[in-house]
>>> print(open('model-v5.cif').read())   # mmCIF, C-alpha atoms
data_upload
loop_
_atom_site.label_atom_id
_atom_site.label_comp_id
_atom_site.auth_asym_id
_atom_site.auth_seq_id
_atom_site.Cartn_x
_atom_site.Cartn_y
_atom_site.Cartn_z
CA MET D 1 -13.67 24.81 -25.50
CA VAL D 2 -14.31 27.20 -28.32
CA MET D 3 -11.81 30.02 -28.79
CA LYS D 4 -12.46 32.47 -31.61
CA THR D 5 -10.39 35.24 -33.09
CA PHE D 6 -12.36 38.44 -33.71
CA ARG D 7 -11.09 41.63 -35.36
CA GLY D 8 -7.64 40.09 -35.46
CA ARG D 9 -7.47 39.50 -31.71
CA SER D 10 -7.25 36.01 -30.25
CA PRO D 11 -7.73 34.81 -26.67
CA GLN D 12 -4.53 34.14 -24.74
CA LEU D 13 -4.30 31.67 -21.87
CA GLY D 14 -1.57 31.65 -19.23
CA PRO D 15 0.14 28.46 -18.04
CA ARG D 16 -1.95 25.82 -16.27
CA VAL D 17 -5.32 27.39 -17.16
CA TRP D 18 -8.31 25.04 -17.27
CA VAL D 19 -11.11 25.86 -19.72
CA ASP D 20 -14.05 23.47 -19.92
CA ARG D 21 -14.85 22.28 -23.43
CA SER D 22 -18.36 23.83 -23.26
CA ALA D 23 -17.01 27.35 -22.57
CA ILE D 24 -16.59 29.96 -25.32
CA ILE D 25 -13.93 32.67 -25.35
CA ILE D 26 -13.94 35.30 -28.11
CA GLY D 27 -11.55 38.09 -29.08
CA ASP D 28 -9.32 40.26 -26.90
CA VAL D 29 -9.26 38.09 -23.77
CA ARG D 30 -6.27 37.27 -21.54
CA ILE D 31 -6.51 34.76 -18.73
CA GLY D 32 -3.79 34.57 -16.06
CA ASP D 33 -1.88 31.57 -14.74
CA ASP D 34 -3.70 28.85 -12.79
CA SER D 35 -7.16 30.27 -13.51
CA SER D 36 -10.21 28.15 -14.33
CA ILE D 37 -13.16 28.65 -16.65
CA TRP D 38 -15.98 26.18 -15.91
CA PRO D 39 -18.85 24.71 -17.98
CA LEU D 40 -20.98 26.95 -20.20
CA VAL D 41 -19.11 30.18 -19.44
CA SER D 42 -19.23 32.85 -22.16
CA ILE D 43 -16.37 35.39 -22.31
CA ARG D 44 -16.80 37.86 -25.16
CA GLY D 45 -14.03 40.40 -25.70
CA ASP D 46 -15.31 41.44 -29.10
CA MET D 47 -15.49 45.25 -28.88
CA HIS D 48 -13.16 45.89 -25.91
CA SER D 49 -10.68 43.90 -23.80
CA ILE D 50 -11.22 41.40 -21.03
CA ARG D 51 -8.44 40.67 -18.54
CA ILE D 52 -8.71 37.90 -15.96
CA GLY D 53 -5.93 37.63 -13.37
CA ALA D 54 -4.09 34.65 -11.95
CA ARG D 55 -5.72 31.99 -9.76
CA THR D 56 -9.20 33.25 -10.62
CA SER D 57 -12.19 30.94 -11.02
CA ILE D 58 -15.14 31.76 -13.28
CA GLN D 59 -17.95 29.37 -12.38
CA ASP D 60 -20.57 27.62 -14.51
CA ASN D 61 -22.98 29.61 -16.71
CA SER D 62 -21.36 32.99 -16.03
CA VAL D 63 -21.36 35.65 -18.75
CA LEU D 64 -18.50 38.14 -19.12
CA HIS D 65 -18.74 41.04 -21.58
CA ILE D 66 -17.59 44.62 -22.07
CA THR D 67 -19.10 48.04 -22.78
CA HIS D 68 -18.23 49.19 -26.27
CA ALA D 69 -17.11 52.73 -27.10
CA SER D 70 -19.89 54.90 -28.50
CA GLU D 71 -21.13 58.47 -28.63
CA PHE D 72 -22.73 57.80 -25.22
CA ASN D 73 -19.51 56.43 -23.70
CA PRO D 74 -16.51 57.41 -25.87
CA GLU D 75 -13.98 55.16 -24.10
CA GLY D 76 -16.28 52.24 -23.33
CA PHE D 77 -15.42 49.99 -20.38
CA PRO D 78 -13.16 46.95 -20.53
CA LEU D 79 -13.80 44.09 -18.12
CA GLU D 80 -10.95 43.66 -15.63
CA ILE D 81 -10.82 40.94 -13.00
CA GLY D 82 -7.91 40.71 -10.55
CA ASP D 83 -6.04 37.81 -8.97
CA ASP D 84 -7.50 35.25 -6.56
CA VAL D 85 -11.12 36.04 -7.46
CA THR D 86 -13.99 33.56 -7.25
CA VAL D 87 -16.91 34.37 -9.54
CA GLY D 88 -19.90 32.24 -8.52
CA HIS D 89 -22.29 30.33 -10.74
CA MET D 90 -24.49 32.31 -13.17
CA VAL D 91 -22.82 35.68 -12.56
CA MET D 92 -23.06 38.50 -15.10
CA LEU D 93 -20.05 40.83 -15.29
CA HIS D 94 -20.39 43.69 -17.79
CA GLY D 95 -17.73 46.35 -18.36
CA CYS D 96 -16.70 46.53 -14.70
CA THR D 97 -13.50 46.31 -12.65
CA ILE D 98 -13.03 43.66 -9.97
CA GLY D 99 -10.01 43.88 -7.63
CA ASN D 100 -7.99 41.07 -6.02
CA GLN D 101 -9.33 38.53 -3.52
CA VAL D 102 -13.01 39.10 -4.25
CA LEU D 103 -15.88 36.63 -4.03
CA VAL D 104 -18.86 37.39 -6.27
CA GLY D 105 -21.86 35.39 -5.06
CA MET D 106 -23.98 33.23 -7.34
CA SER D 107 -26.43 34.94 -9.71
CA SER D 108 -25.01 38.41 -9.04
CA THR D 109 -24.77 41.13 -11.69
CA ILE D 110 -22.10 43.84 -11.80
CA LEU D 111 -22.72 46.54 -14.41
CA ASP D 112 -20.86 49.07 -16.53
CA GLY D 113 -18.23 51.20 -14.84
CA ALA D 114 -18.72 49.64 -11.41
CA VAL D 115 -15.52 49.17 -9.38
CA VAL D 116 -15.11 46.46 -6.75
CA GLU D 117 -11.97 47.07 -4.68
CA ASP D 118 -9.82 44.29 -3.16
CA LYS D 119 -11.11 41.91 -0.47
CA VAL D 120 -14.82 42.33 -1.02
CA LEU D 121 -17.55 39.72 -0.58
CA ILE D 122 -20.70 40.20 -2.67
CA GLY D 123 -23.70 38.17 -1.51
CA ALA D 124 -25.62 35.91 -3.88
CA GLY D 125 -28.20 37.54 -6.12
CA SER D 126 -26.81 41.05 -5.71
CA LEU D 127 -27.01 43.84 -8.30
CA VAL D 128 -24.13 46.33 -8.45
CA PRO D 129 -25.46 49.33 -10.45
CA PRO D 130 -23.46 51.16 -13.12
CA GLY D 131 -20.66 53.31 -11.70
CA LYS D 132 -21.01 52.05 -8.11
CA LYS D 133 -17.81 51.63 -6.06
CA LEU D 134 -17.53 48.87 -3.44
CA GLU D 135 -14.88 49.57 -0.78
CA THR D 136 -12.21 47.16 0.44
CA GLY D 137 -13.00 44.94 3.41
CA PHE D 138 -16.80 44.83 3.36
CA LEU D 139 -19.70 42.48 2.69
CA TYR D 140 -22.24 43.86 0.21
CA HIS D 141 -25.64 42.42 -0.58
CA GLY D 142 -28.94 43.29 -2.18
CA SER D 143 -30.52 44.64 -5.33
CA PRO D 144 -29.25 47.30 -5.55
CA VAL D 145 -26.27 46.32 -3.44
CA LYS D 146 -25.75 47.94 -0.04
CA LYS D 147 -22.82 47.81 2.38
CA VAL D 148 -23.78 45.32 5.11
CA ARG D 149 -20.75 45.20 7.45
CA ALA D 150 -16.99 44.85 7.70
CA LEU D 151 -15.62 41.41 6.84
CA THR D 152 -14.61 39.13 9.70
CA GLU D 153 -11.12 37.66 10.01
CA ASP D 154 -12.51 34.25 8.95
CA GLU D 155 -14.07 35.79 5.84
CA LEU D 156 -10.82 37.52 4.94
CA ASN D 157 -8.99 34.20 5.30
CA TYR D 158 -11.59 32.47 3.11
CA PHE D 159 -10.29 34.27 0.01
CA GLN D 160 -7.02 32.31 0.26
CA TYR D 161 -8.86 29.03 0.89
CA ALA D 162 -11.23 29.47 -2.07
CA GLY D 163 -8.41 30.24 -4.46
CA LYS D 164 -6.35 27.22 -3.38
CA ASN D 165 -9.40 24.95 -3.52
CA TYR D 166 -10.19 25.84 -7.13
CA ILE D 167 -6.54 25.54 -8.17
CA LYS D 168 -6.51 22.01 -6.73
CA LEU D 169 -9.76 21.11 -8.51
CA LYS D 170 -8.73 22.51 -11.90
CA ASP D 171 -5.39 20.66 -11.58
CA GLU D 172 -7.35 17.42 -11.20
CA TYR D 173 -9.28 18.25 -14.39
CA LEU D 174 -6.03 19.04 -16.23
CA ALA D 175 -4.46 15.77 -15.06
CA GLU D 176 -7.41 13.69 -16.17
CA ALA D 177 -7.53 15.43 -19.53
CA SER D 178 -3.83 14.74 -20.11
CA THR D 179 -4.26 11.01 -19.41
CA ASN D 180 -7.54 10.70 -21.36
CA GLN D 181 -9.31 9.55 -18.19
CA GLY D 182 -11.52 12.62 -18.36
CA GLN D 183 -13.13 11.71 -21.65
CA ASP D 184 -16.65 12.95 -22.18
CA ILE D 185 -19.41 10.38 -22.30
CA TRP D 186 -22.25 11.17 -24.68
CA SER D 187 -25.30 8.97 -25.12
#
>>> encode(input="model-v5.cif", output="structure tokens")
Amino acid sequence: MVMKTFRGRSPQLGPRVWVDRSAIIIGDVRIGDDSSIWPLVSIRGDMHSIRIGARTSIQDNSVLHITHASEFNPEGFPLEIGDDVTVGHMVMLHGCTIGNQVLVGMSSTILDGAVVEDKVLIGAGSLVPPGKKLETGFLYHGSPVKKVRALTEDELNYFQYAGKNYIKLKDEYLAEASTNQGQDIWS
């Protein structure tokens, strides 16, 4: 992993966090306990803060950034991600707020000032426009995203399963790394 200090601010990782060696984390970034950052993820807290909660998984090739303060947006937008969130492969999160127990489908984009409340499922390939608010307990999908329907009981229970599954997997990676069994093989 590459962790860089920028403007005097360094990334901070909670206990039992797994960060793949190909990921890069820059600046004012805090990652909560038992979270996982997978291959080729870029997390850039260079001009505002990024906060990632506990037991949250950021999947391969995702990009996380902020909205800087400017004359067009005096406060800017930090990036805030809650607890027990699964961010799918190749997701773009930019200056938005994600609640707790959310699943962001693969290749989705969530833009500046958007707010995703708790217990929301966002279908793969969705676009959440700037400033859009997604309400608790619903499936959203599309480009731009639209409310599809209320989540089923099974879907609500899936949030717990997904979180536990990725904690178990990242713990396996941590164990192998600590015993040198997880050495990289380069040819």
>>> resolve_selection(input="model-v5.cif", expression="the PyMOL selection byres ((chain D and resi 18-30) around 6)", output="VMD selection string")
chain D and resid 1 to 6 9 to 13 17 31 36 to 46 49 to 51 170
>>> resolve_selection(input="model-v5.cif", expression="the PyMOL selection byres ((chain D and resi 122) around 8)", output="list in words")
Val102, Leu103, Val104, Gly105, Ser108, Val120, Leu121, Gly123, Ala124, Ser126, Leu139, Tyr140 and His141 of chain D
>>> residues_near_point(input="model-v5.cif", point="(-4.1, 37.1, -12.2)", cutoff="8 Å", atoms="all atoms listed in the file", output="PyMOL selection string")
chain D and resi 31-33+35+52-56+81-84
>>> residues_around(input="model-v5.cif", residues="His89 (chain D)", least_positions_apart="4", cutoff="9 Å", atoms="all atoms listed in the file", output="PyMOL selection string")
chain D and resi 58-62+105-108
>>> axis_aligned_box(input="model-v5.cif", around="region 96-108 of chain D", padding_each_side="6 Å", output="AutoDock Vina command-line options")
--center_x -17.2 --center_y 39.9 --center_z -9.1 --size_x 30.4 --size_y 25.3 --size_z 23.2
>>> resolve_selection(input="model-v5.cif", expression="the PyMOL selection byres ((chain D and resi 67) around 10)", output="ChimeraX atom specification")
/D:45-49,65-66,68-70,73,75-79,94-96,111-113
>>> write_last_selection(input="model-v5.cif", atoms="C-alpha atoms", output="compact mmCIF listing (two decimals), keeping the file's coordinate frame")
# COMPACT_ATOMS: atom_id res chain seq x y z
CA GLY D 45 -14.03 40.40 -25.70
CA ASP D 46 -15.31 41.44 -29.10
CA MET D 47 -15.49 45.25 -28.88
CA HIS D 48 -13.16 45.89 -25.91
CA SER D 49 -10.68 43.90 -23.80
CA HIS D 65 -18.74 41.04 -21.58
CA ILE D 66 -17.59 44.62 -22.07
CA HIS D 68 -18.23 49.19 -26.27
CA ALA D 69 -17.11 52.73 -27.10
CA SER D 70 -19.89 54.90 -28.50
CA ASN D 73 -19.51 56.43 -23.70
CA GLU D 75 -13.98 55.16 -24.10
CA GLY D 76 -16.28 52.24 -23.33
CA PHE D 77 -15.42 49.99 -20.38
CA PRO D 78 -13.16 46.95 -20.53
CA LEU D 79 -13.80 44.09 -18.12
CA HIS D 94 -20.39 43.69 -17.79
CA GLY D 95 -17.73 46.35 -18.36
CA CYS D 96 -16.70 46.53 -14.70
CA LEU D 111 -22.72 46.54 -14.41
CA ASP D 112 -20.86 49.07 -16.53
CA GLY D 113 -18.23 51.20 -14.84
>>> atom_distance(input="model-v5.cif", atom1="CA of Leu151 (chain D)", atom2="CA of Lys168 (chain D)")
25.4 Å
>>> atom_distance(input="model-v5.cif", atom1="CA of Asp34 (chain D)", atom2="CA of Ala175 (chain D)")
13.3 Å
>>> decode(input="model-v5.cif", residues="region 120-134 of chain D", atoms="all heavy atoms", output="short mmCIF file (atom, residue, chain, number, x, y, z; two decimals), in the first residue's frame")
data_model
loop_
_atom_site.label_atom_id
_atom_site.label_comp_id
_atom_site.auth_asym_id
_atom_site.auth_seq_id
_atom_site.Cartn_x
_atom_site.Cartn_y
_atom_site.Cartn_z
N VAL D 120 -29.73 1.39 2.19
CA VAL D 120 -30.08 1.66 0.79
C VAL D 120 -29.27 0.71 -0.08
O VAL D 120 -28.09 0.46 0.19
CB VAL D 120 -29.79 3.13 0.41
CG1 VAL D 120 -29.89 3.35 -1.09
CG2 VAL D 120 -30.73 4.07 1.16
N LEU D 121 -29.90 0.19 -1.12
CA LEU D 121 -29.22 -0.63 -2.11
C LEU D 121 -29.23 0.13 -3.43
O LEU D 121 -30.30 0.54 -3.90
CB LEU D 121 -29.96 -1.97 -2.25
CG LEU D 121 -29.20 -3.10 -2.91
CD1 LEU D 121 -29.75 -4.43 -2.42
CD2 LEU D 121 -29.26 -3.03 -4.40
N ILE D 122 -28.04 0.35 -4.00
CA ILE D 122 -27.91 1.06 -5.27
C ILE D 122 -27.47 0.05 -6.31
O ILE D 122 -26.40 -0.57 -6.18
CB ILE D 122 -26.89 2.21 -5.15
CG1 ILE D 122 -27.35 3.21 -4.09
CG2 ILE D 122 -26.70 2.90 -6.51
CD1 ILE D 122 -26.33 4.26 -3.73
N GLY D 123 -28.27 -0.14 -7.35
CA GLY D 123 -27.99 -1.13 -8.39
C GLY D 123 -26.74 -0.78 -9.18
O GLY D 123 -26.34 0.38 -9.30
N ALA D 124 -26.13 -1.81 -9.75
CA ALA D 124 -24.90 -1.66 -10.53
C ALA D 124 -25.09 -0.66 -11.67
O ALA D 124 -26.15 -0.59 -12.28
CB ALA D 124 -24.47 -3.01 -11.08
N GLY D 125 -24.05 0.12 -11.92
CA GLY D 125 -24.04 1.06 -13.03
C GLY D 125 -24.89 2.30 -12.84
O GLY D 125 -25.15 3.02 -13.79
N SER D 126 -25.30 2.58 -11.62
CA SER D 126 -26.17 3.72 -11.36
C SER D 126 -25.38 5.03 -11.26
O SER D 126 -24.21 5.03 -10.90
CB SER D 126 -26.95 3.51 -10.07
OG SER D 126 -27.87 2.45 -10.22
N LEU D 127 -26.05 6.12 -11.56
CA LEU D 127 -25.49 7.47 -11.41
C LEU D 127 -26.38 8.24 -10.45
O LEU D 127 -27.57 8.44 -10.71
CB LEU D 127 -25.45 8.20 -12.75
CG LEU D 127 -25.12 9.69 -12.67
CD1 LEU D 127 -23.71 9.91 -12.15
CD2 LEU D 127 -25.32 10.35 -14.03
N VAL D 128 -25.80 8.66 -9.32
CA VAL D 128 -26.52 9.50 -8.36
C VAL D 128 -26.04 10.93 -8.61
O VAL D 128 -24.89 11.26 -8.34
CB VAL D 128 -26.24 9.06 -6.90
CG1 VAL D 128 -27.00 9.95 -5.93
CG2 VAL D 128 -26.64 7.58 -6.71
N PRO D 129 -26.92 11.81 -9.13
CA PRO D 129 -26.52 13.16 -9.50
C PRO D 129 -26.16 14.02 -8.29
O PRO D 129 -26.55 13.70 -7.16
CB PRO D 129 -27.76 13.74 -10.20
CG PRO D 129 -28.65 12.59 -10.49
CD PRO D 129 -28.31 11.53 -9.48
N PRO D 130 -25.48 15.13 -8.53
CA PRO D 130 -25.13 16.04 -7.43
C PRO D 130 -26.36 16.47 -6.64
O PRO D 130 -27.41 16.78 -7.22
CB PRO D 130 -24.50 17.24 -8.14
CG PRO D 130 -24.01 16.70 -9.44
CD PRO D 130 -24.99 15.61 -9.82
N GLY D 131 -26.24 16.45 -5.31
CA GLY D 131 -27.30 16.94 -4.44
C GLY D 131 -28.49 16.03 -4.25
O GLY D 131 -29.39 16.33 -3.47
N LYS D 132 -28.54 14.90 -4.92
CA LYS D 132 -29.67 13.97 -4.80
C LYS D 132 -29.66 13.28 -3.44
O LYS D 132 -28.62 12.96 -2.89
CB LYS D 132 -29.57 12.91 -5.91
CG LYS D 132 -30.63 11.85 -5.91
CD LYS D 132 -31.79 12.25 -6.72
CE LYS D 132 -32.78 11.08 -6.85
NZ LYS D 132 -34.02 11.51 -7.43
N LYS D 133 -30.85 13.05 -2.87
CA LYS D 133 -30.98 12.35 -1.59
C LYS D 133 -31.71 11.03 -1.82
O LYS D 133 -32.80 11.02 -2.38
CB LYS D 133 -31.76 13.21 -0.59
CG LYS D 133 -31.85 12.60 0.78
CD LYS D 133 -32.55 13.55 1.75
CE LYS D 133 -32.62 12.96 3.14
NZ LYS D 133 -33.26 13.90 4.08
N LEU D 134 -31.09 9.93 -1.37
CA LEU D 134 -31.69 8.60 -1.46
C LEU D 134 -32.20 8.21 -0.08
O LEU D 134 -31.43 8.17 0.88
CB LEU D 134 -30.70 7.57 -1.99
CG LEU D 134 -29.99 7.91 -3.31
CD1 LEU D 134 -29.18 6.71 -3.79
CD2 LEU D 134 -30.96 8.37 -4.37
#
